[in-house]
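Asks: File follows, my_file06.cif with mmCIF, C-alpha atoms:
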```cif
data_entry
#
loop_
_atom_site.label_atom_id
_atom_site.label_comp_id
_atom_site.auth_asym_id
_atom_site.auth_seq_id
_atom_site.Cartn_x
_atom_site.Cartn_y
_atom_site.Cartn_z
CA MET F 1170 117.78 135.26 102.53
CA ARG F 1171 116.07 131.87 102.57
CA PRO F 1172 113.80 131.00 99.61
CA PRO F 1173 110.06 130.73 100.28
CA GLU F 1174 108.71 127.34 101.29
CA ILE F 1175 106.59 126.39 98.28
CA PHE F 1176 106.03 122.83 99.48
CA ASP F 1177 105.03 121.56 102.91
CA ARG F 1178 108.09 119.61 104.09
CA ASN F 1179 106.26 117.76 106.87
CA ALA F 1180 103.39 116.76 104.60
CA ARG F 1181 105.89 115.56 102.00
CA ARG F 1182 107.63 113.30 104.52
CA MET F 1183 104.41 111.93 106.04
CA ARG F 1184 102.73 111.26 102.69
CA ARG F 1185 105.74 109.34 101.46
CA ASP F 1186 105.39 107.12 104.51
CA ARG F 1187 101.68 106.62 103.83
CA ILE F 1188 102.11 105.62 100.19
CA ALA F 1189 105.02 103.20 100.70
CA ASP F 1190 102.84 100.05 100.66
CA ARG F 1191 100.84 101.00 97.55
CA TYR F 1192 103.61 102.72 95.64
CA PRO F 1193 104.74 99.60 93.65
CA ALA F 1194 101.37 99.48 91.86
CA HIS F 1195 101.77 103.10 90.69
CA ASP F 1196 105.49 103.40 89.97
CA PHE F 1197 105.30 103.43 86.15
CA LEU F 1198 106.40 107.05 85.81
CA ARG F 1199 109.53 106.68 87.94
CA ALA F 1200 110.24 103.36 86.20
CA ALA F 1201 110.25 105.26 82.88
CA MET F 1202 112.58 107.85 84.39
CA ILE F 1203 114.97 105.17 85.62
CA ASP F 1204 115.04 103.57 82.17
CA GLY F 1205 115.90 106.97 80.69
CA LEU F 1206 118.66 107.54 83.23
CA LEU F 1207 120.12 104.09 82.61
CA ASP F 1208 120.13 104.75 78.85
CA ARG F 1209 122.10 107.94 79.43
CA LEU F 1210 124.44 106.24 81.87
CA ALA F 1211 125.14 103.46 79.37
CA SER F 1212 126.58 106.02 76.95
CA VAL F 1213 129.21 107.08 79.50
CA LYS F 1214 132.34 104.97 79.00
CA ARG F 1215 133.76 105.02 82.50
CA SER F 1216 133.24 103.24 85.80
CA PHE F 1217 131.75 104.64 89.00
CA HIS F 1218 132.58 103.63 92.54
CA ASP F 1219 130.52 105.79 94.93
CA VAL F 1220 126.92 106.52 93.94
CA LEU F 1221 124.14 108.52 95.58
CA ASP F 1222 120.50 107.70 94.75
CA LEU F 1223 118.81 110.97 95.69
CA GLY F 1224 115.11 110.40 96.36
CA SER F 1225 115.33 106.62 96.38
CA PHE F 1226 111.69 105.62 96.92
CA ASP F 1227 111.96 101.81 97.20
CA GLY F 1228 115.54 101.61 95.91
CA ALA F 1229 114.66 100.48 92.39
CA PHE F 1230 117.61 102.26 90.76
CA PRO F 1231 120.30 99.59 90.34
CA ALA F 1232 123.86 100.27 91.43
CA PRO F 1233 126.41 100.18 88.59
CA PRO F 1234 128.57 97.03 88.63
CA GLY F 1235 131.05 97.12 91.48
CA ALA F 1236 129.78 100.42 92.87
CA ARG F 1237 128.78 101.28 96.42
CA ILE F 1238 125.41 103.03 96.48
CA VAL F 1239 124.02 105.29 99.21
CA ARG F 1240 120.31 106.05 99.12
CA LEU F 1241 118.46 109.05 100.56
CA ASP F 1242 114.73 109.68 100.75
CA ALA F 1243 112.62 112.31 102.48
CA GLY F 1244 110.31 109.58 103.82
CA HIS F 1245 111.38 107.40 106.73
CA ARG F 1246 109.76 104.22 105.35
CA PHE F 1247 111.25 104.56 101.86
CA ALA F 1248 114.66 105.28 103.38
CA ALA F 1249 114.34 102.17 105.55
CA GLN F 1250 113.11 99.98 102.67
CA SER F 1251 116.07 100.96 100.49
CA GLY F 1252 118.62 100.67 103.31
CA GLY F 1253 119.31 104.40 103.12
CA VAL F 1254 119.07 107.55 105.19
CA GLN F 1255 116.24 110.03 105.62
CA GLY F 1256 116.81 113.62 104.54
CA ASP F 1257 115.72 116.46 102.27
CA GLU F 1258 117.32 116.96 98.87
CA ASP F 1259 118.07 120.62 99.58
CA ARG F 1260 119.66 119.78 102.97
CA LEU F 1261 122.10 117.02 102.10
CA PRO F 1262 123.98 115.42 105.02
CA PHE F 1263 127.03 114.45 102.94
CA ALA F 1264 130.52 115.90 102.82
CA ASP F 1265 131.83 117.60 99.71
CA ALA F 1266 133.35 115.35 97.02
CA SER F 1267 131.76 112.16 98.45
CA PHE F 1268 130.46 110.66 95.19
CA ASP F 1269 131.45 110.23 91.57
CA LEU F 1270 127.85 109.65 90.41
CA ILE F 1271 124.60 111.12 91.73
CA VAL F 1272 121.24 110.12 90.27
CA SER F 1273 117.79 111.49 91.09
CA ALA F 1274 114.49 110.28 89.64
CA GLY F 1275 111.11 111.78 90.41
CA VAL F 1276 111.70 114.14 93.33
CA LEU F 1277 113.41 117.38 92.28
CA ASP F 1278 110.12 118.94 91.12
CA THR F 1279 108.89 119.01 94.75
CA VAL F 1280 112.03 120.44 96.38
CA ASN F 1281 111.60 123.83 98.04
CA ASP F 1282 115.06 125.14 97.13
CA LEU F 1283 115.89 123.54 93.80
CA PRO F 1284 118.81 125.88 92.97
CA GLY F 1285 120.23 125.13 96.41
CA ALA F 1286 119.70 121.39 95.96
CA LEU F 1287 121.55 121.43 92.64
CA ALA F 1288 124.41 123.40 94.18
CA LEU F 1289 124.66 120.83 96.99
CA ILE F 1290 124.62 117.99 94.44
CA ARG F 1291 127.48 119.61 92.56
CA ARG F 1292 129.46 120.04 95.79
CA ALA F 1293 128.84 116.41 96.80
CA LEU F 1294 130.37 115.26 93.51
CA ARG F 1295 134.07 114.75 93.03
CA PRO F 1296 135.74 116.66 90.18
CA ASP F 1297 134.51 115.21 86.88
CA GLY F 1298 131.68 113.43 88.72
CA LEU F 1299 128.40 112.89 86.87
CA PHE F 1300 124.88 114.00 87.81
CA LEU F 1301 121.85 112.45 86.13
CA GLY F 1302 118.37 113.66 87.07
CA ALA F 1303 114.78 113.28 85.91
CA PHE F 1304 111.55 114.90 87.07
CA VAL F 1305 108.07 115.86 85.88
CA GLY F 1306 108.37 119.15 84.00
CA ALA F 1307 106.39 121.79 82.15
CA GLY F 1308 103.80 120.47 79.74
CA SER F 1309 102.60 117.76 82.12
CA LEU F 1310 98.96 117.04 83.01
CA PRO F 1311 97.31 119.20 80.31
CA ALA F 1312 93.99 117.32 80.52
CA LEU F 1313 93.77 117.76 84.28
CA ARG F 1314 94.72 121.43 84.01
CA THR F 1315 91.98 121.99 81.44
CA ALA F 1316 89.43 120.23 83.63
CA LEU F 1317 90.39 122.27 86.70
CA ARG F 1318 90.12 125.54 84.76
CA GLU F 1319 86.62 124.58 83.64
CA ALA F 1320 85.60 123.52 87.14
CA GLU F 1321 86.98 126.48 89.09
CA GLY F 1322 86.70 129.36 86.64
CA ASP F 1323 88.65 132.57 87.19
CA ARG F 1324 89.69 131.82 90.79
CA PRO F 1325 91.42 128.44 90.75
CA ALA F 1326 92.76 127.12 94.03
CA PRO F 1327 96.44 126.04 94.24
CA ARG F 1328 96.11 122.37 93.29
CA LEU F 1329 98.93 121.62 90.83
CA HIS F 1330 102.62 122.11 91.43
CA PRO F 1331 104.59 124.73 89.49
CA GLN F 1332 106.44 123.09 86.61
CA ILE F 1333 109.96 123.75 85.33
CA ASP F 1334 110.53 123.84 81.58
CA VAL F 1335 113.53 122.28 79.92
CA ARG F 1336 115.28 125.58 79.15
CA ALA F 1337 114.97 126.79 82.75
CA ALA F 1338 116.31 123.43 83.93
CA GLY F 1339 119.43 123.90 81.84
CA ASP F 1340 119.88 127.41 83.22
CA LEU F 1341 119.61 126.07 86.77
CA LEU F 1342 122.43 123.62 86.09
CA LEU F 1343 124.64 126.47 84.91
CA ARG F 1344 123.76 128.59 87.95
CA ALA F 1345 124.66 125.68 90.22
CA GLY F 1346 128.17 125.57 88.75
CA PHE F 1347 127.94 122.42 86.64
CA ALA F 1348 130.02 121.89 83.53
CA LEU F 1349 128.76 120.57 80.19
CA PRO F 1350 125.05 120.72 81.19
CA VAL F 1351 122.40 119.13 79.01
CA ALA F 1352 118.62 119.24 79.59
CA ASP F 1353 116.21 117.37 77.35
CA ILE F 1354 112.62 116.22 77.50
CA GLU F 1355 110.61 113.09 76.71
CA THR F 1356 106.86 112.57 77.00
CA LEU F 1357 104.77 109.68 78.24
CA ASP F 1358 101.04 109.48 77.40
CA VAL F 1359 98.68 107.48 79.61
CA ARG F 1360 95.00 106.81 78.86
CA TYR F 1361 92.60 106.97 81.80
CA ARG F 1362 89.09 105.60 82.08
CA ASP F 1363 88.20 108.23 84.69
CA ILE F 1364 89.78 110.95 86.78
CA GLY F 1365 89.76 108.77 89.88
CA ARG F 1366 92.41 106.51 88.32
CA LEU F 1367 94.56 109.54 87.58
CA PHE F 1368 94.19 110.87 91.12
CA ASP F 1369 95.17 107.46 92.52
CA ASP F 1370 98.29 107.37 90.36
CA LEU F 1371 99.31 110.88 91.37
CA ARG F 1372 98.69 110.20 95.06
CA TYR F 1373 100.50 106.87 95.28
CA MET F 1374 103.44 107.81 93.08
CA GLY F 1375 104.12 110.69 95.48
CA ALA F 1376 102.86 113.44 93.19
CA GLY F 1377 99.79 114.57 95.14
CA ASN F 1378 99.30 118.20 96.15
CA LEU F 1379 102.12 119.17 98.53
CA LEU F 1380 101.82 122.93 98.20
CA ALA F 1381 102.16 124.86 101.44
CA GLU F 1382 99.00 126.84 100.58
CA ARG F 1383 96.93 123.88 99.37
CA ARG F 1384 93.21 123.71 100.11
CA ALA F 1385 90.81 120.80 100.14
CA MET F 1386 88.74 120.36 96.99
CA PRO F 1387 85.00 120.76 97.67
CA ARG F 1388 82.83 117.91 96.43
CA GLU F 1389 81.04 120.08 93.87
CA VAL F 1390 84.39 121.18 92.38
CA LEU F 1391 85.53 117.56 92.24
CA MET F 1392 82.36 116.56 90.38
CA ARG F 1393 82.76 119.39 87.86
CA THR F 1394 86.43 118.50 87.38
CA ALA F 1395 85.57 114.85 86.77
CA ALA F 1396 82.93 115.81 84.22
CA ALA F 1397 85.30 118.18 82.40
CA PHE F 1398 87.99 115.49 82.35
CA ALA F 1399 85.51 112.97 80.91
CA ARG F 1400 84.50 115.39 78.13
CA GLN F 1401 88.05 115.15 76.80
CA ALA F 1402 87.72 111.38 76.31
CA ASP F 1403 88.21 109.65 72.96
CA ALA F 1404 85.76 107.28 71.26
CA ASP F 1405 86.79 104.49 73.65
CA GLY F 1406 85.85 106.61 76.65
CA ARG F 1407 89.45 107.22 77.75
CA THR F 1408 91.15 110.55 78.33
CA THR F 1409 94.82 110.82 77.41
CA GLU F 1410 97.02 112.50 79.99
CA ARG F 1411 100.60 113.53 79.26
CA PHE F 1412 103.64 113.46 81.53
CA ALA F 1413 106.65 115.45 80.34
CA ILE F 1414 109.88 114.12 81.81
CA VAL F 1415 112.81 116.54 81.98
CA TYR F 1416 116.22 114.84 82.02
CA LEU F 1417 119.35 116.52 83.33
CA THR F 1418 122.93 115.52 82.55
CA ALA F 1419 125.85 117.51 83.94
CA TRP F 1420 129.37 117.15 85.31
CA ALA F 1421 131.19 118.57 88.29
CA PRO F 1422 133.92 120.86 86.94
CA SER F 1423 137.39 119.43 86.44
CA PRO F 1424 140.52 120.99 84.90
CA ASP F 1425 140.87 118.20 82.31
CA GLN F 1426 137.33 118.50 80.91
CA PRO F 1427 136.81 119.76 77.34
CA LEU F 1428 135.77 123.40 77.23
CA PRO F 1429 133.09 124.88 74.94
CA ALA F 1430 134.47 126.90 72.06
CA ARG F 1431 134.90 130.61 72.75
CA ARG F 1432 132.15 132.66 71.14
CA GLY F 1433 133.38 134.17 67.87
CA SER F 1434 136.19 131.64 67.45
CA ALA F 1435 134.70 129.89 64.39
CA THR F 1436 136.86 129.94 61.27
CA ALA F 1437 134.09 129.29 58.71
CA SER F 1438 130.96 131.31 58.03
CA LEU F 1439 127.46 129.88 58.30
CA ALA F 1440 126.71 131.17 54.79
CA ALA F 1441 129.63 129.19 53.39
CA ALA F 1442 128.59 126.08 55.29
CA ILE F 1443 125.05 126.08 53.89
CA GLY F 1444 126.01 127.30 50.45
CA LYS F 1445 124.15 130.61 50.60
CA PRO F 1446 123.90 131.99 47.04
CA LYS F 1447 125.54 135.28 46.21
CA VAL F 1448 123.23 138.20 45.56
#
```
Render the structure in this file as structure tokens.

Replies:
Amino acid sequence: MRPPEIFDRNARRMRRDRIADRYPAHDFLRAAMIDGLLDRLASVKRSFHDVLDLGSFDGAFPAPPGARIVRLDAGHRFAAQSGGVQGDEDRLPFADASFDLIVSAGVLDTVNDLPGALALIRRALRPDGLFLGAFVGAGSLPALRTALREAEGDRPAPRLHPQIDVRAAGDLLLRAGFALPVADIETLDVRYRDIGRLFDDLRYMGAGNLLAERRAMPREVLMRTAAAFARQADADGRTTERFAIVYLTAWAPSPDQPLPARRGSATASLAAAIGKPKV
């Protein structure tokens, strides 16, 4: 049974083509994700030879020294700009065991079949290959969510994407068959003079409304949303918006990897370790 199509695939492809020219002026969030991925990659003491940049945008993720990098993006123009191929993240056109490193920054939160995409990523990795991912997760856009609730009342239209929390992200890695999965979260706060600046950032970073059941926002709802957003401003007239970035680190299984300790195999009690007093 195929999963439901949460996001409009055609709209996702076409909008990525439309934003390609203006994207560099709004790429701060993905730039932060790339920095986070590079920090995590720097802690891995091994070399990589075949790399996949999954959701490449303009190809800003740098290839590790000496590595061959293949880039894939859902948008034709981004794929062309980065010298890559066009394709969807949950329909990968690569053979099993093609890469020893796969990175993905800023796209997995708008994939229709995320469990399927993660399973394909794991299959595309060689044994003991590394996956590093980052996407916008649960806890993001609280100011905008508050403003929309005020503006639309008890019957809000589908305007914001569903968000995955860090615990669910870790569970998805396990379900996809990864070994040694780690999911963690970092936040980035941005201060906005008005809601129009926020909407521009979301649109041109590729985070506009892509829901299959999306509806246009009537002008009166937009005005109420803008007013509610402005009421959250600080003394300088700026409203702080938060982006929560979920990071994923996981390995394709390999026989020579360390295994987690079997539950119940500890030889010392927690009480002894913390010095619990006798009663």

Asks: Pull out every residue that the PyMOL selection byres ((chain F and resi 1194-1196) around 12) matches in the shown coordinates and put them as a PDB file with C-alpha atoms, in the coordinates of the input.

Replies:
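Result written to part15.pdb:
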```
ATOM      1  CA  ILE F1188     102.110 105.620 100.190  1.00  0.00           C
ATOM      2  CA  ALA F1189     105.020 103.200 100.700  1.00  0.00           C
ATOM      3  CA  ASP F1190     102.840 100.050 100.660  1.00  0.00           C
ATOM      4  CA  ARG F1191     100.840 101.000  97.550  1.00  0.00           C
ATOM      5  CA  TYR F1192     103.610 102.720  95.640  1.00  0.00           C
ATOM      6  CA  PRO F1193     104.740  99.600  93.650  1.00  0.00           C
ATOM      7  CA  PHE F1197     105.300 103.430  86.150  1.00  0.00           C
ATOM      8  CA  LEU F1198     106.400 107.050  85.810  1.00  0.00           C
ATOM      9  CA  ARG F1199     109.530 106.680  87.940  1.00  0.00           C
ATOM     10  CA  ALA F1200     110.240 103.360  86.200  1.00  0.00           C
ATOM     11  CA  ALA F1201     110.250 105.260  82.880  1.00  0.00           C
ATOM     12  CA  MET F1202     112.580 107.850  84.390  1.00  0.00           C
ATOM     13  CA  ILE F1203     114.970 105.170  85.620  1.00  0.00           C
ATOM     14  CA  PHE F1226     111.690 105.620  96.920  1.00  0.00           C
ATOM     15  CA  ASP F1227     111.960 101.810  97.200  1.00  0.00           C
ATOM     16  CA  GLY F1228     115.540 101.610  95.910  1.00  0.00           C
ATOM     17  CA  ALA F1229     114.660 100.480  92.390  1.00  0.00           C
ATOM     18  CA  ALA F1274     114.490 110.280  89.640  1.00  0.00           C
ATOM     19  CA  GLY F1275     111.110 111.780  90.410  1.00  0.00           C
ATOM     20  CA  ARG F1366      92.410 106.510  88.320  1.00  0.00           C
ATOM     21  CA  LEU F1367      94.560 109.540  87.580  1.00  0.00           C
ATOM     22  CA  PHE F1368      94.190 110.870  91.120  1.00  0.00           C
ATOM     23  CA  ASP F1369      95.170 107.460  92.520  1.00  0.00           C
ATOM     24  CA  ASP F1370      98.290 107.370  90.360  1.00  0.00           C
ATOM     25  CA  LEU F1371      99.310 110.880  91.370  1.00  0.00           C
ATOM     26  CA  ARG F1372      98.690 110.200  95.060  1.00  0.00           C
ATOM     27  CA  TYR F1373     100.500 106.870  95.280  1.00  0.00           C
ATOM     28  CA  MET F1374     103.440 107.810  93.080  1.00  0.00           C
ATOM     29  CA  GLY F1375     104.120 110.690  95.480  1.00  0.00           C
ATOM     30  CA  ALA F1376     102.860 113.440  93.190  1.00  0.00           C
TER      31      ALA F1376
END
```

Asks: Report as a VMD selection string the full result of the PyMOL selection byres ((chain F and resi 1173) around 12) when it is applied to this structure.

Replies: chain F and resid 1170 to 1172 1174 to 1178 1280 to 1283 1380 to 1382

Asks: Name the residues captured by the PyMOL selection byres ((chain F and resi 1354) around 8) when it is applied to the shown file; answer as a list in words.

Replies: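 Applying the PyMOL selection byres ((chain F and resi 1354) around 8) to the structure shown produces Val1335, Ala1352, Asp1353, Glu1355, Thr1356, Ala1413, Ile1414, Val1415 and Tyr1416 of chain F.
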
Asks: Take the selection from the previous step and output its residues with C-alpha atoms, as a JSON list (two decimals), keeping the file's coordinate frame.

Replies:
```json
[["chain", "number", "residue", "atom", "x", "y", "z"],
["F", 1335, "VAL", "CA", 113.53, 122.28, 79.92],
["F", 1352, "ALA", "CA", 118.62, 119.24, 79.59],
["F", 1353, "ASP", "CA", 116.21, 117.37, 77.35],
["F", 1355, "GLU", "CA", 110.61, 113.09, 76.71],
["F", 1356, "THR", "CA", 106.86, 112.57, 77.00],
["F", 1413, "ALA", "CA", 106.65, 115.45, 80.34],
["F", 1414, "ILE", "CA", 109.88, 114.12, 81.81],
["F", 1415, "VAL", "CA", 112.81, 116.54, 81.98],
["F", 1416, "TYR", "CA", 116.22, 114.84, 82.02]]
```

Asks: Using only C-alpha atoms for the distances, tell me which of F:Asp1297, F:Glu1389, F:Asp1334, F:Asp1358 is nearest to Arg1215 of chain F.

Replies: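 Result for the nearest residue to Arg1215 of chain F: F:Asp1297.
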
Asks: Quote the spacing between atom CA of Gly1235 of chain F and atom CA of Ala1421 of chain F in Å to one decimal place.

Replies: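 We find that atom CA of Gly1235 of chain F and atom CA of Ala1421 of chain F lie 21.7 Å from each other.
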
Asks: Name the closest residue to Ser1216 of chain F among the candidates F:Glu1410, F:Asp1269, F:Gly1253, F:Asp1242; distances are taken between atoms, counting all atoms listed in the file.

Replies: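 When distances to Ser1216 of chain F are compared using all atoms listed in the file, the smallest one comes from F:Asp1269.
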
Asks: What is the distance, in Å and to one decimal place, between atom CA of Asp1265 of chain F and atom CA of Arg1246 of chain F?

Replies: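 Atom-to-atom, atom CA of Asp1265 of chain F and atom CA of Arg1246 of chain F are spaced 26.4 Å apart.
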
Asks: Have a look at atom CA of Val1351 of chain F and atom CA of Lys1214 of chain F and let me know their distance in Å, one decimal.

Replies: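 Calculated distance between atom CA of Val1351 of chain F and atom CA of Lys1214 of chain F is 17.3 Å.
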
Asks: If we count all atoms listed in the file and set the cut-off at 10 Å, which residues sit around Pro1327 of chain F, ignoring sequence neighbours fewer than 4 positions away in its own chain? Please answer as a PyMOL selection string.

Replies: chain F and resi 1331+1378-1386

Asks: Would you mind telling me which residue in F:Ala1338, F:Ile1290, F:Leu1261, F:Leu1343 lies nearest to Ala1307 of chain F when using all atoms listed in the file?

Replies: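 Looking at the shortest contact to Ala1307 of chain F, the residue is F:Ala1338.
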